[in-house]
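One file, target-v4.cif, carrying mmCIF, N, CA and C atoms:
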data_target
#
loop_
_atom_site.label_atom_id
_atom_site.label_comp_id
_atom_site.auth_asym_id
_atom_site.auth_seq_id
_atom_site.Cartn_x
_atom_site.Cartn_y
_atom_site.Cartn_z
N MET A 2 33.79 39.56 -4.29
CA MET A 2 34.18 38.27 -3.75
C MET A 2 35.52 37.88 -4.35
N SER A 3 36.42 37.36 -3.54
CA SER A 3 37.75 37.01 -4.01
C SER A 3 37.69 35.76 -4.89
N VAL A 4 38.73 35.58 -5.70
CA VAL A 4 38.84 34.41 -6.58
C VAL A 4 38.82 33.14 -5.74
N ARG A 5 39.51 33.15 -4.61
CA ARG A 5 39.57 31.98 -3.74
C ARG A 5 38.17 31.62 -3.24
N ARG A 6 37.41 32.60 -2.80
CA ARG A 6 36.06 32.31 -2.29
C ARG A 6 35.15 31.82 -3.40
N ILE A 7 35.27 32.38 -4.58
CA ILE A 7 34.48 31.91 -5.72
C ILE A 7 34.80 30.46 -6.02
N ALA A 8 36.10 30.12 -6.00
CA ALA A 8 36.53 28.74 -6.26
C ALA A 8 35.98 27.79 -5.20
N ILE A 9 36.01 28.21 -3.94
CA ILE A 9 35.51 27.37 -2.85
C ILE A 9 34.02 27.14 -3.00
N VAL A 10 33.28 28.21 -3.27
CA VAL A 10 31.83 28.09 -3.45
C VAL A 10 31.51 27.21 -4.65
N THR A 11 32.24 27.38 -5.74
CA THR A 11 32.03 26.58 -6.94
C THR A 11 32.29 25.11 -6.66
N ALA A 12 33.38 24.80 -5.96
CA ALA A 12 33.71 23.41 -5.63
C ALA A 12 32.65 22.81 -4.72
N ALA A 13 32.21 23.58 -3.72
CA ALA A 13 31.18 23.09 -2.80
C ALA A 13 29.87 22.81 -3.54
N LEU A 14 29.49 23.68 -4.45
CA LEU A 14 28.28 23.46 -5.22
C LEU A 14 28.38 22.25 -6.12
N ALA A 15 29.56 22.04 -6.71
CA ALA A 15 29.76 20.87 -7.58
C ALA A 15 29.61 19.58 -6.78
N VAL A 16 30.17 19.55 -5.57
CA VAL A 16 30.04 18.37 -4.72
C VAL A 16 28.58 18.16 -4.31
N LEU A 17 27.90 19.22 -3.95
CA LEU A 17 26.49 19.12 -3.57
C LEU A 17 25.65 18.58 -4.72
N VAL A 18 25.87 19.08 -5.92
CA VAL A 18 25.13 18.59 -7.09
C VAL A 18 25.40 17.11 -7.31
N ALA A 19 26.67 16.70 -7.18
CA ALA A 19 27.01 15.29 -7.38
C ALA A 19 26.33 14.40 -6.34
N VAL A 20 26.30 14.86 -5.08
CA VAL A 20 25.65 14.09 -4.03
C VAL A 20 24.15 13.99 -4.30
N LEU A 21 23.54 15.10 -4.63
CA LEU A 21 22.10 15.09 -4.89
C LEU A 21 21.74 14.25 -6.11
N ALA A 22 22.65 14.17 -7.05
CA ALA A 22 22.41 13.38 -8.25
C ALA A 22 22.76 11.90 -8.05
N GLY A 23 23.26 11.58 -6.85
CA GLY A 23 23.61 10.20 -6.56
C GLY A 23 24.90 9.75 -7.24
N GLN A 24 25.75 10.70 -7.61
CA GLN A 24 26.96 10.37 -8.33
C GLN A 24 28.22 10.54 -7.49
N ALA A 25 28.09 10.75 -6.21
CA ALA A 25 29.27 10.96 -5.37
C ALA A 25 30.07 9.67 -5.30
N SER A 26 31.37 9.80 -5.41
CA SER A 26 32.22 8.62 -5.40
C SER A 26 32.82 8.42 -4.01
N ALA A 27 33.21 7.19 -3.72
CA ALA A 27 33.92 6.89 -2.49
C ALA A 27 35.37 7.35 -2.65
N LEU A 28 36.01 7.65 -1.54
CA LEU A 28 37.41 8.06 -1.61
C LEU A 28 38.26 6.89 -2.09
N PRO A 29 39.19 7.16 -2.99
CA PRO A 29 40.07 6.09 -3.47
C PRO A 29 41.08 5.68 -2.40
N THR A 30 41.63 4.50 -2.54
CA THR A 30 42.65 3.99 -1.63
C THR A 30 43.96 4.76 -1.81
N CYS A 31 44.58 5.10 -0.69
CA CYS A 31 45.86 5.82 -0.74
C CYS A 31 46.95 4.92 -1.31
N THR A 32 47.74 5.46 -2.24
CA THR A 32 48.90 4.73 -2.74
C THR A 32 50.20 5.33 -2.21
N LYS A 33 50.15 6.56 -1.72
CA LYS A 33 51.29 7.21 -1.06
C LYS A 33 50.76 7.94 0.17
N THR A 34 51.31 7.60 1.33
CA THR A 34 50.92 8.25 2.58
C THR A 34 52.16 8.86 3.21
N ALA A 35 52.04 10.11 3.65
CA ALA A 35 53.17 10.78 4.30
C ALA A 35 53.53 10.04 5.58
N ALA A 36 54.75 9.50 5.62
CA ALA A 36 55.23 8.77 6.78
C ALA A 36 55.79 9.72 7.84
N ALA A 37 56.13 10.93 7.42
CA ALA A 37 56.69 11.95 8.31
C ALA A 37 56.41 13.31 7.70
N SER A 38 56.53 14.36 8.51
CA SER A 38 56.45 15.71 7.98
C SER A 38 57.71 16.00 7.19
N GLY A 39 57.59 16.81 6.12
CA GLY A 39 58.78 17.17 5.36
C GLY A 39 58.45 17.67 3.98
N ASP A 40 59.49 17.74 3.16
CA ASP A 40 59.38 18.23 1.80
C ASP A 40 58.72 17.20 0.89
N TRP A 41 57.86 17.66 -0.01
CA TRP A 41 57.14 16.80 -0.95
C TRP A 41 58.10 15.88 -1.71
N ALA A 42 59.22 16.42 -2.15
CA ALA A 42 60.15 15.67 -3.00
C ALA A 42 61.09 14.74 -2.22
N ALA A 43 61.09 14.82 -0.91
CA ALA A 43 62.02 14.03 -0.10
C ALA A 43 61.49 12.60 0.12
N THR A 44 62.32 11.64 -0.14
CA THR A 44 61.91 10.24 0.03
C THR A 44 61.57 9.93 1.49
N ALA A 45 62.22 10.60 2.44
CA ALA A 45 61.95 10.36 3.86
C ALA A 45 60.52 10.75 4.23
N THR A 46 59.95 11.72 3.55
CA THR A 46 58.58 12.14 3.82
C THR A 46 57.60 11.01 3.53
N TRP A 47 57.89 10.24 2.50
CA TRP A 47 56.97 9.19 2.02
C TRP A 47 57.41 7.79 2.39
N GLY A 48 58.59 7.64 2.97
CA GLY A 48 59.10 6.31 3.26
C GLY A 48 59.48 5.56 1.99
N GLY A 49 59.81 6.30 0.95
CA GLY A 49 60.15 5.76 -0.37
C GLY A 49 60.06 6.88 -1.39
N ALA A 50 59.82 6.53 -2.63
CA ALA A 50 59.76 7.52 -3.70
C ALA A 50 58.64 8.54 -3.47
N ALA A 51 58.88 9.76 -3.93
CA ALA A 51 57.86 10.81 -3.87
C ALA A 51 56.67 10.43 -4.76
N PRO A 52 55.49 10.99 -4.48
CA PRO A 52 54.31 10.66 -5.28
C PRO A 52 54.46 11.06 -6.74
N GLY A 53 53.83 10.27 -7.60
CA GLY A 53 53.81 10.54 -9.03
C GLY A 53 52.39 10.81 -9.52
N SER A 54 52.27 11.00 -10.81
CA SER A 54 50.99 11.43 -11.39
C SER A 54 49.85 10.43 -11.23
N GLY A 55 50.14 9.16 -11.03
CA GLY A 55 49.08 8.18 -10.87
C GLY A 55 48.72 7.88 -9.43
N ASP A 56 49.36 8.56 -8.48
CA ASP A 56 49.16 8.25 -7.06
C ASP A 56 47.98 8.99 -6.44
N THR A 57 47.36 8.33 -5.47
CA THR A 57 46.42 8.97 -4.56
C THR A 57 47.20 9.22 -3.28
N VAL A 58 47.38 10.49 -2.93
CA VAL A 58 48.23 10.90 -1.82
C VAL A 58 47.39 11.16 -0.58
N CYS A 59 47.89 10.68 0.57
CA CYS A 59 47.22 10.94 1.85
C CYS A 59 48.21 11.61 2.81
N ILE A 60 47.75 12.69 3.41
CA ILE A 60 48.54 13.39 4.43
C ILE A 60 47.75 13.29 5.73
N PRO A 61 48.19 12.40 6.64
CA PRO A 61 47.43 12.17 7.87
C PRO A 61 47.54 13.32 8.87
N SER A 62 46.67 13.30 9.84
CA SER A 62 46.66 14.28 10.92
C SER A 62 48.02 14.30 11.60
N GLY A 63 48.49 15.49 11.95
CA GLY A 63 49.76 15.65 12.64
C GLY A 63 50.97 15.74 11.71
N ARG A 64 50.75 15.60 10.40
CA ARG A 64 51.86 15.68 9.44
C ARG A 64 51.70 16.92 8.58
N THR A 65 52.84 17.55 8.24
CA THR A 65 52.87 18.71 7.35
C THR A 65 53.79 18.39 6.19
N VAL A 66 53.27 18.52 4.98
CA VAL A 66 54.07 18.30 3.77
C VAL A 66 54.16 19.62 3.03
N THR A 67 55.37 19.99 2.59
CA THR A 67 55.61 21.26 1.91
C THR A 67 56.03 21.00 0.47
N LEU A 68 55.33 21.63 -0.46
CA LEU A 68 55.62 21.52 -1.89
C LEU A 68 56.21 22.84 -2.37
N ALA A 69 57.35 22.77 -3.06
CA ALA A 69 58.01 23.98 -3.57
C ALA A 69 58.32 23.78 -5.04
N GLY A 70 57.32 23.54 -5.83
CA GLY A 70 57.51 23.34 -7.26
C GLY A 70 56.32 22.61 -7.83
N PRO A 71 56.31 22.40 -9.13
CA PRO A 71 55.16 21.74 -9.74
C PRO A 71 55.11 20.25 -9.43
N ALA A 72 53.90 19.73 -9.28
CA ALA A 72 53.69 18.30 -9.08
C ALA A 72 52.29 17.96 -9.57
N SER A 73 52.09 16.68 -9.88
CA SER A 73 50.78 16.21 -10.32
C SER A 73 50.52 14.85 -9.70
N VAL A 74 49.33 14.66 -9.15
CA VAL A 74 48.89 13.38 -8.61
C VAL A 74 47.47 13.14 -9.09
N SER A 75 47.00 11.93 -8.91
CA SER A 75 45.63 11.61 -9.31
C SER A 75 44.63 12.33 -8.40
N SER A 76 44.79 12.14 -7.08
CA SER A 76 43.91 12.80 -6.10
C SER A 76 44.66 12.89 -4.78
N ILE A 77 44.04 13.59 -3.80
CA ILE A 77 44.71 13.80 -2.52
C ILE A 77 43.68 13.80 -1.40
N GLN A 78 44.12 13.33 -0.24
CA GLN A 78 43.30 13.39 0.97
C GLN A 78 44.14 14.08 2.04
N ILE A 79 43.74 15.31 2.40
CA ILE A 79 44.51 16.11 3.35
C ILE A 79 43.75 16.16 4.67
N VAL A 80 44.29 15.49 5.69
CA VAL A 80 43.74 15.57 7.03
C VAL A 80 44.73 16.37 7.90
N GLY A 81 46.00 16.29 7.56
CA GLY A 81 47.05 17.09 8.20
C GLY A 81 47.15 18.44 7.52
N LYS A 82 48.37 18.80 7.08
CA LYS A 82 48.59 20.11 6.44
C LYS A 82 49.42 19.94 5.19
N LEU A 83 48.98 20.58 4.11
CA LEU A 83 49.75 20.70 2.88
C LEU A 83 50.03 22.17 2.65
N SER A 84 51.32 22.50 2.53
CA SER A 84 51.71 23.87 2.22
C SER A 84 52.32 23.89 0.82
N ILE A 85 51.62 24.55 -0.09
CA ILE A 85 52.13 24.71 -1.46
C ILE A 85 52.82 26.07 -1.50
N ASP A 86 54.13 26.05 -1.22
CA ASP A 86 54.87 27.31 -1.09
C ASP A 86 55.07 27.99 -2.43
N SER A 87 55.23 27.23 -3.49
CA SER A 87 55.35 27.79 -4.84
C SER A 87 54.95 26.71 -5.83
N GLY A 88 54.65 27.13 -7.03
CA GLY A 88 54.26 26.19 -8.07
C GLY A 88 52.81 25.75 -7.95
N THR A 89 52.50 24.69 -8.67
CA THR A 89 51.13 24.18 -8.74
C THR A 89 51.11 22.70 -8.44
N LEU A 90 50.14 22.29 -7.62
CA LEU A 90 49.85 20.88 -7.44
C LEU A 90 48.57 20.60 -8.23
N ALA A 91 48.68 19.76 -9.26
CA ALA A 91 47.54 19.41 -10.09
C ALA A 91 46.94 18.10 -9.61
N LEU A 92 45.64 18.10 -9.34
CA LEU A 92 44.90 16.88 -9.04
C LEU A 92 44.26 16.47 -10.35
N ALA A 93 44.89 15.52 -11.03
CA ALA A 93 44.59 15.25 -12.44
C ALA A 93 43.36 14.40 -12.69
N SER A 94 42.95 13.57 -11.74
CA SER A 94 41.82 12.69 -11.99
C SER A 94 40.51 13.47 -12.11
N THR A 95 39.73 13.13 -13.12
CA THR A 95 38.42 13.76 -13.27
C THR A 95 37.33 12.92 -12.60
N THR A 96 37.70 11.74 -12.08
CA THR A 96 36.70 10.86 -11.46
C THR A 96 37.00 10.55 -9.99
N ASP A 97 38.27 10.44 -9.60
CA ASP A 97 38.61 10.12 -8.21
C ASP A 97 38.39 11.34 -7.32
N GLU A 98 37.74 11.11 -6.18
CA GLU A 98 37.43 12.20 -5.26
C GLU A 98 38.64 12.56 -4.41
N SER A 99 38.83 13.85 -4.17
CA SER A 99 39.84 14.35 -3.24
C SER A 99 39.12 14.88 -2.01
N LEU A 100 39.84 14.94 -0.88
CA LEU A 100 39.26 15.37 0.39
C LEU A 100 40.17 16.37 1.06
N LEU A 101 39.58 17.46 1.55
CA LEU A 101 40.32 18.43 2.36
C LEU A 101 39.56 18.60 3.67
N SER A 102 40.14 18.05 4.74
CA SER A 102 39.57 18.27 6.06
C SER A 102 40.65 18.77 7.02
N GLY A 103 41.82 19.05 6.48
CA GLY A 103 42.93 19.61 7.25
C GLY A 103 43.20 21.03 6.79
N GLU A 104 44.48 21.38 6.66
CA GLU A 104 44.85 22.76 6.27
C GLU A 104 45.57 22.76 4.93
N LEU A 105 45.16 23.68 4.08
CA LEU A 105 45.83 23.96 2.82
C LEU A 105 46.43 25.35 2.96
N ALA A 106 47.76 25.45 2.81
CA ALA A 106 48.45 26.72 3.07
C ALA A 106 49.40 27.03 1.92
N GLY A 107 49.97 28.24 1.97
CA GLY A 107 51.02 28.63 1.04
C GLY A 107 50.57 29.62 -0.01
N ALA A 108 51.51 29.97 -0.90
CA ALA A 108 51.27 30.96 -1.93
C ALA A 108 51.10 30.31 -3.31
N GLY A 109 51.16 28.99 -3.37
CA GLY A 109 51.05 28.28 -4.65
C GLY A 109 49.60 28.04 -5.05
N THR A 110 49.43 27.15 -6.04
CA THR A 110 48.12 26.89 -6.62
C THR A 110 47.76 25.41 -6.51
N LEU A 111 46.52 25.13 -6.13
CA LEU A 111 45.96 23.79 -6.17
C LEU A 111 44.99 23.76 -7.33
N GLN A 112 45.27 22.92 -8.31
CA GLN A 112 44.46 22.82 -9.52
C GLN A 112 43.64 21.53 -9.44
N VAL A 113 42.32 21.65 -9.42
CA VAL A 113 41.43 20.52 -9.21
C VAL A 113 40.67 20.20 -10.49
N ALA A 114 40.80 18.95 -10.98
CA ALA A 114 40.11 18.56 -12.21
C ALA A 114 38.84 17.76 -11.93
N GLY A 115 38.73 17.17 -10.75
CA GLY A 115 37.59 16.29 -10.45
C GLY A 115 36.91 16.70 -9.16
N PRO A 116 36.15 15.77 -8.59
CA PRO A 116 35.39 16.10 -7.37
C PRO A 116 36.30 16.32 -6.17
N LEU A 117 35.93 17.30 -5.33
CA LEU A 117 36.66 17.63 -4.12
C LEU A 117 35.66 17.83 -3.00
N THR A 118 35.84 17.12 -1.90
CA THR A 118 34.99 17.32 -0.72
C THR A 118 35.76 18.17 0.27
N TRP A 119 35.17 19.29 0.64
CA TRP A 119 35.76 20.21 1.60
C TRP A 119 34.99 20.01 2.90
N SER A 120 35.62 19.38 3.89
CA SER A 120 34.91 18.99 5.09
C SER A 120 35.65 19.43 6.34
N GLY A 121 35.39 20.64 6.78
CA GLY A 121 36.00 21.14 8.02
C GLY A 121 37.42 21.63 7.85
N GLY A 122 37.95 21.62 6.65
CA GLY A 122 39.30 22.10 6.40
C GLY A 122 39.32 23.61 6.27
N TYR A 123 40.53 24.16 6.17
CA TYR A 123 40.64 25.60 5.97
C TYR A 123 41.90 25.94 5.16
N MET A 124 41.90 27.17 4.63
CA MET A 124 43.01 27.65 3.82
C MET A 124 43.67 28.82 4.50
N THR A 125 45.00 28.88 4.39
CA THR A 125 45.75 30.03 4.87
C THR A 125 46.76 30.41 3.79
N GLY A 126 47.20 31.65 3.79
CA GLY A 126 48.20 32.08 2.80
C GLY A 126 47.54 32.73 1.61
N ALA A 127 48.37 33.05 0.63
CA ALA A 127 47.92 33.81 -0.54
C ALA A 127 47.69 32.92 -1.75
N GLY A 128 47.67 31.61 -1.57
CA GLY A 128 47.53 30.68 -2.69
C GLY A 128 46.19 30.75 -3.37
N VAL A 129 46.08 30.02 -4.48
CA VAL A 129 44.86 30.01 -5.30
C VAL A 129 44.41 28.57 -5.46
N THR A 130 43.10 28.36 -5.37
CA THR A 130 42.52 27.04 -5.60
C THR A 130 41.58 27.10 -6.78
#

Show me the file's structure as structure tokens.
Amino acid sequence: MSVRRIAIVTAALAVLVAVLAGQASALPTCTKTAAASGDWAATATWGGAAPGSGDTVCIPSGRTVTLAGPASVSSIQIVGKLSIDSGTLALASTTDESLLSGELAGAGTLQVAGPLTWSGGYMTGAGVT
């Protein structure tokens, strides 16, 4: 079994255990939402400053955000597409839930510290989760 599949199964089991234990959290409120498709670091993508380590990032349906370097946020909700072309995106919160129901792509790494709900989303590319 590939590392990616092991990570997916592990994350899914962790979410299932949390739900069964009654500890599942509600999704946090977005503090940065992609206003347009574009580069993670571009202010035009976010309609202002790029996300920082304390932000909950939302990528809505129909939008594609591309990351080409290291970044850290509290949590993320991907309904559109996130392409981590290089580097690592760290989801630093150990308590805020992240959601993937869109596409995660690229050759980079998504590092998850807390709960992640994988709901109908998919992965493409050679990246690692």

So which residues get picked by the PyMOL selection byres ((chain A and resi 58) around 5) here, written as a list of chain:residue names?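 Applying the PyMOL selection byres ((chain A and resi 58) around 5) to the structure shown produces A:Lys33, A:Asp56, A:Thr57, A:Cys59, A:Ile60, A:Ser76, A:Ile77, A:Gln78.
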
Near Lys82 (chain A), within 6 Å and counting all atoms listed in the file, which residues show up once chain neighbours fewer than 3 positions away are dropped, as number ranges by chain? A: 60-61, 63-66, 79, 103-105

Pull N, CA and C atoms from the residues just selected and write them as a compact mmCIF listing (two decimals), in the frame of the given file.
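Listed below is the output, out.txt:
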# COMPACT_ATOMS: atom_id res chain seq x y z
N ILE A 60 47.75 12.69 3.41
CA ILE A 60 48.54 13.39 4.43
C ILE A 60 47.75 13.29 5.73
N PRO A 61 48.19 12.40 6.64
CA PRO A 61 47.43 12.17 7.87
C PRO A 61 47.54 13.32 8.87
N GLY A 63 48.49 15.49 11.95
CA GLY A 63 49.76 15.65 12.64
C GLY A 63 50.97 15.74 11.71
N ARG A 64 50.75 15.60 10.40
CA ARG A 64 51.86 15.68 9.44
C ARG A 64 51.70 16.92 8.58
N THR A 65 52.84 17.55 8.24
CA THR A 65 52.87 18.71 7.35
C THR A 65 53.79 18.39 6.19
N VAL A 66 53.27 18.52 4.98
CA VAL A 66 54.07 18.30 3.77
C VAL A 66 54.16 19.62 3.03
N ILE A 79 43.74 15.31 2.40
CA ILE A 79 44.51 16.11 3.35
C ILE A 79 43.75 16.16 4.67
N GLY A 103 41.82 19.05 6.48
CA GLY A 103 42.93 19.61 7.25
C GLY A 103 43.20 21.03 6.79
N GLU A 104 44.48 21.38 6.66
CA GLU A 104 44.85 22.76 6.27
C GLU A 104 45.57 22.76 4.93
N LEU A 105 45.16 23.68 4.08
CA LEU A 105 45.83 23.96 2.82
C LEU A 105 46.43 25.35 2.96

In Å and to one decimal, atom N of Pro71 (chain A) is distant from CA of Ser87 (chain A) by 7.0 Å

How many Å separate CA of Gln112 (chain A) from CA of Glu98 (chain A)?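 According to the coordinates, CA of Gln112 (chain A) and CA of Glu98 (chain A) are separated by 13.4 Å.
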
Looking at A:Ser54, A:Gly121, A:Ala106, A:Pro29, which one is nearest to Leu92 (chain A), with distances taken over only C-alpha atoms?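 Of all the options, A:Ser54 lies closest to Leu92 (chain A).
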
One number please: atom C of Trp41 (chain A) to CA of Thr95 (chain A), in Å, one decimal. 22.9 Å

Looking at A:Val129, A:Thr44, A:Val80, A:Thr118, which one is nearest to Ala27 (chain A), with distances taken over only C-alpha atoms?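 Among A:Val129, A:Thr44, A:Val80, A:Thr118, it is A:Thr118 that comes nearest to Ala27 (chain A).
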
Those in region 31-78 of chain A with helix (DSSP H, G or I) from DSSP, as a PyMOL selection string: chain A and resi 44-47

As a list in words, please: the residues near Ser94 (chain A) (cut-off 8 Å, only C-alpha atoms, same-chain neighbours under 4 positions excluded). Val74, Ser75, Ser76, Ala114 and Gly115 of chain A

Quick one: pick out all strand (DSSP E or B) residues within region 22-96 of chain A from a backbone DSSP run and write them as a ChimeraX atom specification. /A:33-34,39-40,57-60,65-69,72-74,76-79,82-87,89-92

For the PyMOL selection byres ((chain A and resi 89) around 6.5), applied here, can you spell out every residue it catches as a list in words?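 This file gives the following for the PyMOL selection byres ((chain A and resi 89) around 6.5): Gly70, Pro71, Ala72, Ser73, Ser87, Gly88, Leu90, Ala91, Gly109, Thr110, Leu111 and Gln112 of chain A.
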
Shortest contact to Ser84 (chain A), candidates A:Thr67, A:Thr32, A:Ser102, A:Ser62, atoms counted only C-alpha atoms, goes to A:Thr67

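Listed by chain and then by number, the residues chosen by the PyMOL selection byres (((chain A and resi 125 and name CA) around 7) and name CA) in this file are Leu105, Ala106, Gly107, Tyr123, Met124, Gly126 and Ala127 of chain A.
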